[in-house]
>>> print(open('input-v1.pdb').read())   # PDB, C-alpha atoms, pLDDT in the B column
ATOM      1  CA  MET N 182     259.017 189.730  79.333  1.00 66.00           C
ATOM      2  CA  LEU N 183     256.985 192.665  78.053  1.00 66.00           C
ATOM      3  CA  GLY N 184     254.357 192.521  75.347  1.00 69.00           C
ATOM      4  CA  PHE N 185     251.223 194.162  74.112  1.00 69.00           C
ATOM      5  CA  LEU N 186     247.822 192.928  73.078  1.00 63.00           C
ATOM      6  CA  VAL N 187     245.231 194.272  70.640  1.00 65.00           C
ATOM      7  CA  LEU N 188     241.869 192.874  71.712  1.00 62.00           C
ATOM      8  CA  PRO N 189     238.569 193.001  69.828  1.00 59.00           C
ATOM      9  CA  GLN N 190     235.559 194.335  71.687  1.00 61.00           C
ATOM     10  CA  SER N 191     233.694 191.355  73.103  1.00 54.00           C
ATOM     11  CA  SER N 192     230.123 190.598  72.129  1.00 55.00           C
ATOM     12  CA  PRO N 193     227.605 188.249  73.797  1.00 55.00           C
ATOM     13  CA  GLU N 194     227.621 185.711  70.945  1.00 59.00           C
ATOM     14  CA  GLU N 195     231.374 185.256  70.957  1.00 56.00           C
ATOM     15  CA  PRO N 196     232.618 181.786  71.931  1.00 58.00           C
ATOM     16  CA  ALA N 197     234.362 181.129  75.245  1.00 75.00           C
ATOM     17  CA  GLY N 198     237.797 182.613  75.765  1.00 93.00           C
ATOM     18  CA  THR N 199     241.267 181.142  75.761  1.00 97.00           C
ATOM     19  CA  PRO N 200     241.985 178.253  78.163  1.00 98.00           C
ATOM     20  CA  THR N 201     244.388 179.520  80.804  1.00 98.00           C
ATOM     21  CA  LYS N 202     245.824 177.276  83.497  1.00 98.00           C
ATOM     22  CA  VAL N 203     246.288 178.639  87.001  1.00 98.00           C
ATOM     23  CA  LEU N 204     247.933 176.567  89.705  1.00 98.00           C
ATOM     24  CA  VAL N 205     247.202 177.717  93.270  1.00 98.00           C
ATOM     25  CA  ARG N 206     248.900 176.483  96.424  1.00 98.00           C
ATOM     26  CA  ALA N 207     247.862 177.259  99.989  1.00 98.00           C
ATOM     27  CA  VAL N 208     250.949 177.007 102.160  1.00 98.00           C
ATOM     28  CA  SER N 209     251.420 177.220 105.914  1.00 96.00           C
ATOM     29  CA  ARG N 210     253.239 180.190 107.366  1.00 95.00           C
ATOM     30  CA  ASP N 211     256.749 179.022 108.364  1.00 94.00           C
ATOM     31  CA  ALA N 212     255.951 175.473 107.260  1.00 94.00           C
ATOM     32  CA  LYS N 213     254.994 173.363 104.251  1.00 96.00           C
ATOM     33  CA  ILE N 214     252.033 173.022 101.897  1.00 97.00           C
ATOM     34  CA  ILE N 215     248.559 172.371 103.333  1.00 97.00           C
ATOM     35  CA  GLY N 216     248.115 168.758 102.287  1.00 96.00           C
ATOM     36  CA  SER N 217     245.390 166.131 102.378  1.00 96.00           C
ATOM     37  CA  GLY N 218     246.571 164.967 105.818  1.00 92.00           C
ATOM     38  CA  VAL N 219     245.021 168.064 107.423  1.00 93.00           C
ATOM     39  CA  GLY N 220     242.020 168.098 105.107  1.00 95.00           C
ATOM     40  CA  GLY N 221     243.476 170.234 102.316  1.00 96.00           C
ATOM     41  CA  ALA N 222     242.229 173.710 101.457  1.00 98.00           C
ATOM     42  CA  ARG N 223     239.320 175.198  99.531  1.00 98.00           C
ATOM     43  CA  ILE N 224     240.422 177.419  96.651  1.00 98.00           C
ATOM     44  CA  THR N 225     238.151 179.958  94.985  1.00 98.00           C
ATOM     45  CA  ILE N 226     238.961 182.258  92.072  1.00 98.00           C
ATOM     46  CA  ARG N 227     236.641 185.225  91.498  1.00 98.00           C
ATOM     47  CA  ASP N 228     236.511 187.972  88.905  1.00 98.00           C
ATOM     48  CA  ALA N 229     237.662 190.866  91.089  1.00 98.00           C
ATOM     49  CA  SER N 230     235.460 193.445  89.365  1.00 98.00           C
ATOM     50  CA  THR N 231     232.176 191.492  89.274  1.00 98.00           C
ATOM     51  CA  GLY N 232     232.623 189.000  92.118  1.00 97.00           C
ATOM     52  CA  GLU N 233     231.657 186.141  89.790  1.00 98.00           C
ATOM     53  CA  VAL N 234     233.132 182.821  90.872  1.00 98.00           C
ATOM     54  CA  LEU N 235     235.220 181.591  87.956  1.00 98.00           C
ATOM     55  CA  THR N 236     236.209 178.305  89.576  1.00 98.00           C
ATOM     56  CA  GLU N 237     236.523 176.634  92.951  1.00 98.00           C
ATOM     57  CA  GLY N 238     237.800 173.329  94.240  1.00 98.00           C
ATOM     58  CA  LEU N 239     239.905 171.509  96.782  1.00 98.00           C
ATOM     59  CA  GLN N 240     243.653 171.511  97.144  1.00 98.00           C
ATOM     60  CA  GLN N 241     244.744 167.933  97.765  1.00 96.00           C
ATOM     61  CA  GLY N 242     248.084 166.151  97.782  1.00 97.00           C
ATOM     62  CA  GLY N 243     251.285 166.008  99.759  1.00 97.00           C
ATOM     63  CA  THR N 244     252.947 168.673 101.875  1.00 96.00           C
ATOM     64  CA  GLY N 245     255.940 169.054  99.566  1.00 96.00           C
ATOM     65  CA  ASP N 246     259.630 168.395  99.940  1.00 95.00           C
ATOM     66  CA  THR N 247     260.906 169.252 103.440  1.00 95.00           C
ATOM     67  CA  ASP N 248     264.445 169.925 102.302  1.00 95.00           C
ATOM     68  CA  SER N 249     263.349 172.219  99.491  1.00 95.00           C
ATOM     69  CA  ILE N 250     260.840 174.170 101.596  1.00 96.00           C
ATOM     70  CA  MET N 251     262.333 174.197 105.090  1.00 95.00           C
ATOM     71  CA  VAL N 252     266.079 173.594 104.860  1.00 95.00           C
ATOM     72  CA  ARG N 253     267.753 174.811 101.670  1.00 95.00           C
ATOM     73  CA  PRO N 254     268.074 178.574 101.142  1.00 95.00           C
ATOM     74  CA  HIS N 255     265.545 179.714  98.560  1.00 94.00           C
ATOM     75  CA  GLN N 256     267.049 181.019  95.342  1.00 94.00           C
ATOM     76  CA  ARG N 257     265.191 183.327  92.996  1.00 95.00           C
ATOM     77  CA  GLY N 258     263.808 181.471  89.983  1.00 92.00           C
ATOM     78  CA  THR N 259     264.200 178.044  91.565  1.00 94.00           C
ATOM     79  CA  PRO N 260     260.938 176.222  92.395  1.00 95.00           C
ATOM     80  CA  VAL N 261     260.408 175.538  96.071  1.00 96.00           C
ATOM     81  CA  TYR N 262     256.986 173.899  96.252  1.00 97.00           C
ATOM     82  CA  ASP N 263     256.756 172.314  92.788  1.00 97.00           C
ATOM     83  CA  THR N 264     257.806 168.736  93.532  1.00 96.00           C
ATOM     84  CA  GLU N 265     256.259 165.357  92.718  1.00 96.00           C
ATOM     85  CA  GLY N 266     252.969 164.832  94.547  1.00 97.00           C
ATOM     86  CA  ALA N 267     252.923 168.272  96.163  1.00 97.00           C
ATOM     87  CA  ALA N 268     249.425 169.575  96.884  1.00 98.00           C
ATOM     88  CA  GLY N 269     247.886 172.273  94.745  1.00 98.00           C
ATOM     89  CA  PHE N 270     244.714 173.193  92.884  1.00 98.00           C
ATOM     90  CA  LEU N 271     244.985 173.422  89.122  1.00 98.00           C
ATOM     91  CA  ALA N 272     242.257 175.437  87.441  1.00 98.00           C
ATOM     92  CA  THR N 273     241.673 176.071  83.769  1.00 98.00           C
ATOM     93  CA  LEU N 274     239.899 179.361  83.164  1.00 98.00           C
ATOM     94  CA  GLU N 275     238.390 180.536  79.894  1.00 97.00           C
ATOM     95  CA  LEU N 276     239.578 184.114  79.626  1.00 97.00           C
ATOM     96  CA  ASP N 277     238.641 186.444  76.768  1.00 96.00           C
ATOM     97  CA  GLN N 278     240.634 189.391  78.068  1.00 97.00           C
ATOM     98  CA  PRO N 279     243.180 190.263  80.751  1.00 98.00           C
ATOM     99  CA  THR N 280     241.243 189.912  84.000  1.00 98.00           C
ATOM    100  CA  VAL N 281     241.987 190.894  87.559  1.00 98.00           C
ATOM    101  CA  VAL N 282     240.998 187.996  89.788  1.00 98.00           C
ATOM    102  CA  GLU N 283     240.844 187.411  93.514  1.00 98.00           C
ATOM    103  CA  VAL N 284     242.292 184.081  94.611  1.00 98.00           C
ATOM    104  CA  ILE N 285     241.076 182.825  97.991  1.00 98.00           C
ATOM    105  CA  ALA N 286     242.312 179.901 100.090  1.00 98.00           C
ATOM    106  CA  GLU N 287     240.601 178.528 103.214  1.00 98.00           C
ATOM    107  CA  GLY N 288     242.107 175.758 105.288  1.00 96.00           C
ATOM    108  CA  PRO N 289     242.998 173.448 106.813  1.00 96.00           C
ATOM    109  CA  LEU N 290     239.578 171.904 106.227  1.00 96.00           C
ATOM    110  CA  GLY N 291     240.183 168.956 108.573  1.00 94.00           C
ATOM    111  CA  THR N 292     240.144 171.089 111.720  1.00 90.00           C
ATOM    112  CA  PRO N 293     237.420 173.762 111.606  1.00 90.00           C
ATOM    113  CA  GLN N 294     238.676 175.467 114.788  1.00 87.00           C
ATOM    114  CA  SER N 295     241.968 176.316 113.097  1.00 90.00           C
ATOM    115  CA  LYS N 296     240.665 177.180 109.622  1.00 95.00           C
ATOM    116  CA  GLN N 297     241.931 180.512 108.313  1.00 96.00           C
ATOM    117  CA  ARG N 298     241.582 182.444 105.067  1.00 97.00           C
ATOM    118  CA  ALA N 299     244.077 184.180 102.796  1.00 98.00           C
ATOM    119  CA  SER N 300     243.523 185.996  99.533  1.00 98.00           C
ATOM    120  CA  LYS N 301     245.271 188.106  96.938  1.00 98.00           C
ATOM    121  CA  THR N 302     244.416 189.767  93.673  1.00 98.00           C
ATOM    122  CA  LEU N 303     246.395 189.526  90.455  1.00 98.00           C
ATOM    123  CA  LEU N 304     246.033 190.107  86.749  1.00 98.00           C
ATOM    124  CA  LEU N 305     245.612 187.028  84.568  1.00 98.00           C
ATOM    125  CA  VAL N 306     246.265 187.141  80.836  1.00 98.00           C
ATOM    126  CA  PRO N 307     244.537 184.755  78.371  1.00 98.00           C
ATOM    127  CA  GLY N 308     246.798 181.870  77.394  1.00 98.00           C
ATOM    128  CA  GLN N 309     249.515 182.776  79.892  1.00 98.00           C
ATOM    129  CA  ASP N 310     249.569 179.676  82.106  1.00 98.00           C
ATOM    130  CA  ILE N 311     250.700 179.942  85.727  1.00 98.00           C
ATOM    131  CA  LEU N 312     252.343 176.674  86.728  1.00 98.00           C
ATOM    132  CA  GLY N 313     255.441 175.685  88.730  1.00 97.00           C
ATOM    133  CA  ASP N 314     255.130 176.952  92.292  1.00 97.00           C
ATOM    134  CA  GLY N 315     251.966 178.741  91.164  1.00 98.00           C
ATOM    135  CA  VAL N 316     250.036 181.441  92.989  1.00 98.00           C
ATOM    136  CA  LEU N 317     250.983 181.094  96.654  1.00 98.00           C
ATOM    137  CA  LEU N 318     248.635 181.933  99.513  1.00 98.00           C
ATOM    138  CA  GLU N 319     250.007 181.824 103.036  1.00 98.00           C
ATOM    139  CA  ILE N 320     247.801 180.555 105.858  1.00 97.00           C
ATOM    140  CA  HIS N 321     248.802 181.545 109.392  1.00 97.00           C
ATOM    141  CA  GLY N 322     248.223 179.593 112.574  1.00 95.00           C
ATOM    142  CA  PHE N 323     248.645 176.361 114.481  1.00 94.00           C
ATOM    143  CA  THR N 324     246.275 173.447 114.806  1.00 93.00           C
ATOM    144  CA  VAL N 325     245.940 172.674 118.508  1.00 95.00           C
ATOM    145  CA  THR N 326     244.200 169.437 119.486  1.00 93.00           C
ATOM    146  CA  LEU N 327     243.285 168.668 123.075  1.00 95.00           C
ATOM    147  CA  LEU N 328     244.075 165.068 124.043  1.00 96.00           C
ATOM    148  CA  GLU N 329     243.350 165.480 127.785  1.00 94.00           C
ATOM    149  CA  PRO N 330     241.123 166.099 129.644  1.00 93.00           C
ATOM    150  CA  GLN N 331     238.691 163.770 127.918  1.00 91.00           C
ATOM    151  CA  ARG N 332     236.024 164.069 130.608  1.00 89.00           C
ATOM    152  CA  SER N 333     234.281 167.221 131.795  1.00 89.00           C
ATOM    153  CA  GLU N 334     233.521 166.593 135.494  1.00 92.00           C
ATOM    154  CA  PHE N 335     236.109 166.821 138.291  1.00 93.00           C
ATOM    155  CA  GLU N 336     236.259 167.065 142.051  1.00 91.00           C
ATOM    156  CA  SER N 337     237.695 170.153 143.722  1.00 92.00           C
ATOM    157  CA  GLY N 338     241.195 169.503 145.014  1.00 90.00           C
ATOM    158  CA  GLN N 339     242.134 167.259 142.110  1.00 89.00           C
ATOM    159  CA  GLU N 340     244.888 168.112 139.660  1.00 91.00           C
ATOM    160  CA  LEU N 341     243.829 168.619 136.083  1.00 94.00           C
ATOM    161  CA  GLY N 342     246.101 166.953 133.546  1.00 94.00           C
ATOM    162  CA  VAL N 343     246.282 168.765 130.234  1.00 96.00           C
ATOM    163  CA  ARG N 344     247.804 167.228 127.124  1.00 97.00           C
ATOM    164  CA  ALA N 345     247.667 168.670 123.629  1.00 97.00           C
ATOM    165  CA  THR N 346     249.256 168.407 120.216  1.00 96.00           C
ATOM    166  CA  VAL N 347     250.362 171.464 118.280  1.00 95.00           C
ATOM    167  CA  ARG N 348     250.908 171.222 114.552  1.00 90.00           C
ATOM    168  CA  MET N 349     251.709 173.728 111.902  1.00 82.00           C
ATOM    169  CA  THR N 350     248.535 174.470 109.984  1.00 70.00           C
TER     170      THR N 350
ATOM    171  CA  MET Q 268     242.284 182.108 136.436  1.00 83.00           C
ATOM    172  CA  SER Q 269     245.158 179.630 136.629  1.00 87.00           C
ATOM    173  CA  GLU Q 270     247.861 179.452 134.006  1.00 91.00           C
ATOM    174  CA  THR Q 271     250.744 177.096 133.342  1.00 93.00           C
ATOM    175  CA  THR Q 272     253.222 176.321 130.598  1.00 95.00           C
ATOM    176  CA  LEU Q 273     252.881 172.972 128.900  1.00 96.00           C
ATOM    177  CA  GLU Q 274     256.162 171.122 128.535  1.00 96.00           C
ATOM    178  CA  PHE Q 275     257.253 168.845 125.724  1.00 96.00           C
ATOM    179  CA  ALA Q 276     255.783 165.410 126.440  1.00 95.00           C
ATOM    180  CA  GLY Q 277     258.448 163.366 124.696  1.00 96.00           C
ATOM    181  CA  GLU Q 278     256.258 162.597 121.693  1.00 94.00           C
ATOM    182  CA  SER Q 279     256.281 164.503 118.444  1.00 93.00           C
ATOM    183  CA  SER Q 280     254.279 167.758 118.639  1.00 93.00           C
ATOM    184  CA  THR Q 281     252.822 166.816 122.050  1.00 97.00           C
ATOM    185  CA  PHE Q 282     252.849 168.951 125.224  1.00 97.00           C
ATOM    186  CA  GLN Q 283     251.505 168.383 128.732  1.00 97.00           C
ATOM    187  CA  GLY Q 284     251.095 169.954 132.154  1.00 96.00           C
ATOM    188  CA  THR Q 285     248.875 170.086 135.217  1.00 95.00           C
ATOM    189  CA  LEU Q 286     246.739 172.675 136.975  1.00 92.00           C
ATOM    190  CA  PRO Q 287     245.183 172.548 140.480  1.00 92.00           C
ATOM    191  CA  LEU Q 288     241.390 172.524 140.604  1.00 92.00           C
ATOM    192  CA  ASP Q 289     240.712 174.593 143.702  1.00 89.00           C
ATOM    193  CA  HIS Q 290     237.494 176.399 142.853  1.00 90.00           C
ATOM    194  CA  PRO Q 291     234.171 174.634 142.320  1.00 93.00           C
ATOM    195  CA  GLY Q 292     232.053 175.719 139.387  1.00 94.00           C
ATOM    196  CA  GLY Q 293     232.196 175.873 135.634  1.00 94.00           C
ATOM    197  CA  HIS Q 294     235.576 176.558 134.043  1.00 93.00           C
ATOM    198  CA  GLU Q 295     237.073 176.686 130.599  1.00 94.00           C
ATOM    199  CA  VAL Q 296     240.344 174.914 129.775  1.00 94.00           C
ATOM    200  CA  ARG Q 297     242.063 176.879 127.036  1.00 96.00           C
ATOM    201  CA  VAL Q 298     245.303 175.794 125.364  1.00 97.00           C
ATOM    202  CA  LEU Q 299     247.130 178.462 123.388  1.00 97.00           C
ATOM    203  CA  ALA Q 300     250.110 177.936 121.064  1.00 97.00           C
ATOM    204  CA  LEU Q 301     252.092 181.120 120.504  1.00 96.00           C
ATOM    205  CA  ASP Q 302     254.743 182.147 117.973  1.00 95.00           C
ATOM    206  CA  ALA Q 303     254.420 185.905 117.582  1.00 96.00           C
ATOM    207  CA  GLY Q 304     257.640 186.058 115.577  1.00 96.00           C
ATOM    208  CA  ASN Q 305     255.954 184.229 112.737  1.00 94.00           C
ATOM    209  CA  ALA Q 306     252.467 185.581 113.457  1.00 96.00           C
ATOM    210  CA  ASN Q 307     251.321 182.033 114.166  1.00 96.00           C
ATOM    211  CA  PHE Q 308     248.850 181.297 116.933  1.00 96.00           C
ATOM    212  CA  GLY Q 309     246.464 178.458 117.699  1.00 96.00           C
ATOM    213  CA  MET Q 310     243.853 177.741 120.336  1.00 95.00           C
ATOM    214  CA  VAL Q 311     241.524 175.031 121.535  1.00 94.00           C
ATOM    215  CA  SER Q 312     239.187 175.117 124.519  1.00 93.00           C
ATOM    216  CA  GLN Q 313     236.913 172.810 126.471  1.00 94.00           C
ATOM    217  CA  GLY Q 314     234.464 173.384 129.309  1.00 94.00           C
ATOM    218  CA  ILE Q 315     234.816 171.484 132.591  1.00 94.00           C
ATOM    219  CA  ASP Q 316     232.752 171.373 135.763  1.00 94.00           C
ATOM    220  CA  VAL Q 317     234.461 171.210 139.173  1.00 94.00           C
ATOM    221  CA  ARG Q 318     232.309 169.952 142.069  1.00 92.00           C
TER     222      ARG Q 318
END
>>> encode(input="input-v1.pdb", output="structure tokens")
Amino acid sequence: MLGFLVLPQSSPEEPAGTPTKVLVRAVSRDAKIIGSGVGGARITIRDASTGEVLTEGLQQGGTGDTDSIMVRPHQRGTPVYDTEGAAGFLATLELDQPTVVEVIAEGPLGTPQSKQRASKTLLLVPGQDILGDGVLLEIHGFTVTLLEPQRSEFESGQELGVRATVRMT
Amino acid sequence: MSETTLEFAGESSTFQGTLPLDHPGGHEVRVLALDAGNANFGMVSQGIDVR
């Protein structure tokens, strides 16, 4: 859809802008949504030109539908991540003009050693809600957790047993 | 430096292996998960002392 806007010049005494919903989802590279089970993700939206933080919060919820995300071929226009209970962060911004924003995701928050950051910029338009799959930010990496060794002192000549879990971030 | 590949341990997402401890002193155990094809990597490390 194409359109055009005629906008009045803003003045300091003007009331707040138009409520505009923006749904953001941090997803794992080659896997599902970053859900509450791994601590969720911190989402920040900044005005790209001024750096002002417009909103921030936590992405919480489920990891999404495995079949939809990981198995079925993705078809243009068909939601992939937007299923019941799927994690996301829904913000409502008050915009008085089209605004370029930077959207930032950091996660997973439950394992600091594997936390990574992703960001992108995009133009938001007052009153034009972004819902459905939303703005997607892809986080790379694995979360590796060491189960063994659990002690730190050994005798020379021993064998060291190593055991670890590896999960998609 | 000693290096080995961890094998699937029979439990979901779990891998295991062994390394000989032949040299006394401080060491670092570092476990790396690698999938360059998807640009996915992960790492955890822990210090150990061998007497």
>>> residues_around(input="input-v1.pdb", residues="segment 281-291 of chain Q", least_positions_apart="3", cutoff="9 Å", atoms="only C-alpha atoms", output="PyMOL selection string")
(chain N and resi 329+335-348) or (chain Q and resi 269-278+294+316-318)
>>> write_last_selection(input="input-v1.pdb", atoms="C-alpha atoms", output="PDB file, in the frame of the given file")
ATOM      1  CA  GLU N 329     243.350 165.480 127.785  1.00 94.00           C
ATOM      2  CA  PHE N 335     236.109 166.821 138.291  1.00 93.00           C
ATOM      3  CA  GLU N 336     236.259 167.065 142.051  1.00 91.00           C
ATOM      4  CA  SER N 337     237.695 170.153 143.722  1.00 92.00           C
ATOM      5  CA  GLY N 338     241.195 169.503 145.014  1.00 90.00           C
ATOM      6  CA  GLN N 339     242.134 167.259 142.110  1.00 89.00           C
ATOM      7  CA  GLU N 340     244.888 168.112 139.660  1.00 91.00           C
ATOM      8  CA  LEU N 341     243.829 168.619 136.083  1.00 94.00           C
ATOM      9  CA  GLY N 342     246.101 166.953 133.546  1.00 94.00           C
ATOM     10  CA  VAL N 343     246.282 168.765 130.234  1.00 96.00           C
ATOM     11  CA  ARG N 344     247.804 167.228 127.124  1.00 97.00           C
ATOM     12  CA  ALA N 345     247.667 168.670 123.629  1.00 97.00           C
ATOM     13  CA  THR N 346     249.256 168.407 120.216  1.00 96.00           C
ATOM     14  CA  VAL N 347     250.362 171.464 118.280  1.00 95.00           C
ATOM     15  CA  ARG N 348     250.908 171.222 114.552  1.00 90.00           C
TER      16      ARG N 348
ATOM     17  CA  SER Q 269     245.158 179.630 136.629  1.00 87.00           C
ATOM     18  CA  GLU Q 270     247.861 179.452 134.006  1.00 91.00           C
ATOM     19  CA  THR Q 271     250.744 177.096 133.342  1.00 93.00           C
ATOM     20  CA  THR Q 272     253.222 176.321 130.598  1.00 95.00           C
ATOM     21  CA  LEU Q 273     252.881 172.972 128.900  1.00 96.00           C
ATOM     22  CA  GLU Q 274     256.162 171.122 128.535  1.00 96.00           C
ATOM     23  CA  PHE Q 275     257.253 168.845 125.724  1.00 96.00           C
ATOM     24  CA  ALA Q 276     255.783 165.410 126.440  1.00 95.00           C
ATOM     25  CA  GLY Q 277     258.448 163.366 124.696  1.00 96.00           C
ATOM     26  CA  GLU Q 278     256.258 162.597 121.693  1.00 94.00           C
ATOM     27  CA  HIS Q 294     235.576 176.558 134.043  1.00 93.00           C
ATOM     28  CA  ASP Q 316     232.752 171.373 135.763  1.00 94.00           C
ATOM     29  CA  VAL Q 317     234.461 171.210 139.173  1.00 94.00           C
ATOM     30  CA  ARG Q 318     232.309 169.952 142.069  1.00 92.00           C
TER      31      ARG Q 318
END
>>> resolve_selection(input="input-v1.pdb", expression="the PyMOL selection byres ((chain N and resi 209-224) around 7)", output="short mmCIF file (atom, residue, chain, number, x, y, z; two decimals) with C-alpha atoms, in the coordinates of the input")
data_model
loop_
_atom_site.label_atom_id
_atom_site.label_comp_id
_atom_site.auth_asym_id
_atom_site.auth_seq_id
_atom_site.Cartn_x
_atom_site.Cartn_y
_atom_site.Cartn_z
CA ALA N 207 247.86 177.26 99.99
CA VAL N 208 250.95 177.01 102.16
CA THR N 225 238.15 179.96 94.98
CA ILE N 226 238.96 182.26 92.07
CA GLU N 237 236.52 176.63 92.95
CA GLY N 238 237.80 173.33 94.24
CA LEU N 239 239.90 171.51 96.78
CA GLN N 240 243.65 171.51 97.14
CA GLN N 241 244.74 167.93 97.76
CA GLY N 242 248.08 166.15 97.78
CA GLY N 243 251.28 166.01 99.76
CA THR N 244 252.95 168.67 101.88
CA GLY N 245 255.94 169.05 99.57
CA ILE N 250 260.84 174.17 101.60
CA MET N 251 262.33 174.20 105.09
CA ALA N 268 249.42 169.58 96.88
CA ILE N 285 241.08 182.82 97.99
CA ALA N 286 242.31 179.90 100.09
CA GLU N 287 240.60 178.53 103.21
CA GLY N 288 242.11 175.76 105.29
CA PRO N 289 243.00 173.45 106.81
CA LEU N 290 239.58 171.90 106.23
CA GLY N 291 240.18 168.96 108.57
CA GLU N 319 250.01 181.82 103.04
CA ILE N 320 247.80 180.56 105.86
CA HIS N 321 248.80 181.54 109.39
CA MET N 349 251.71 173.73 111.90
CA THR N 350 248.54 174.47 109.98
CA ASN Q 305 255.95 184.23 112.74
#
>>> axis_aligned_box(input="input-v1.pdb", around="segment 295-299 of chain Q", padding_each_side="6 Å", output="AutoDock Vina command-line options")
--center_x 242.1 --center_y 176.7 --center_z 127.0 --size_x 22.1 --size_y 15.5 --size_z 19.2
>>> closest_residue(input="input-v1.pdb", among="N:Glu283, N:Glu334, N:Asp246, N:Asp310", to="Gln313 of chain Q", atoms="all atoms listed in the file")
N:Glu334
>>> closest_residue(input="input-v1.pdb", among="N:Ser295, N:Arg253, N:Leu312, N:Ala197", to="chain Q", atoms="only C-alpha atoms")
N:Ser295
>>> atom_distance(input="input-v1.pdb", atom1="atom CA of Leu317 of chain N", atom2="atom CA of Thr231 of chain N")
22.7 Å
>>> residues_around(input="input-v1.pdb", residues="Gly198 of chain N", least_positions_apart="3", cutoff="9 Å", atoms="only C-alpha atoms", output="NGL selection string")
:N and (195 or 201 or 274-278 or 307)
>>> closest_residue(input="input-v1.pdb", among="Q:Ile315, Q:Val298, Q:Met268, Q:Ala303", to="chain N", atoms="only C-alpha atoms")
Q:Ile315
>>> closest_residue(input="input-v1.pdb", among="N:Ser300, N:Thr199, N:Thr292, N:Gln309", to="chain Q", atoms="all atoms listed in the file")
N:Thr292
>>> closest_residue(input="input-v1.pdb", among="N:Gln256, N:Ser249, N:Thr302, N:Thr324", to="Gly232 of chain N", atoms="only C-alpha atoms")
N:Thr302
>>> residues_around(input="input-v1.pdb", residues="Asp302 of chain Q", least_positions_apart="6", cutoff="10 Å", atoms="all atoms listed in the file", output="list of chain:residue names")
N:Gly322, N:Phe323, Q:Phe308, Q:Gly309
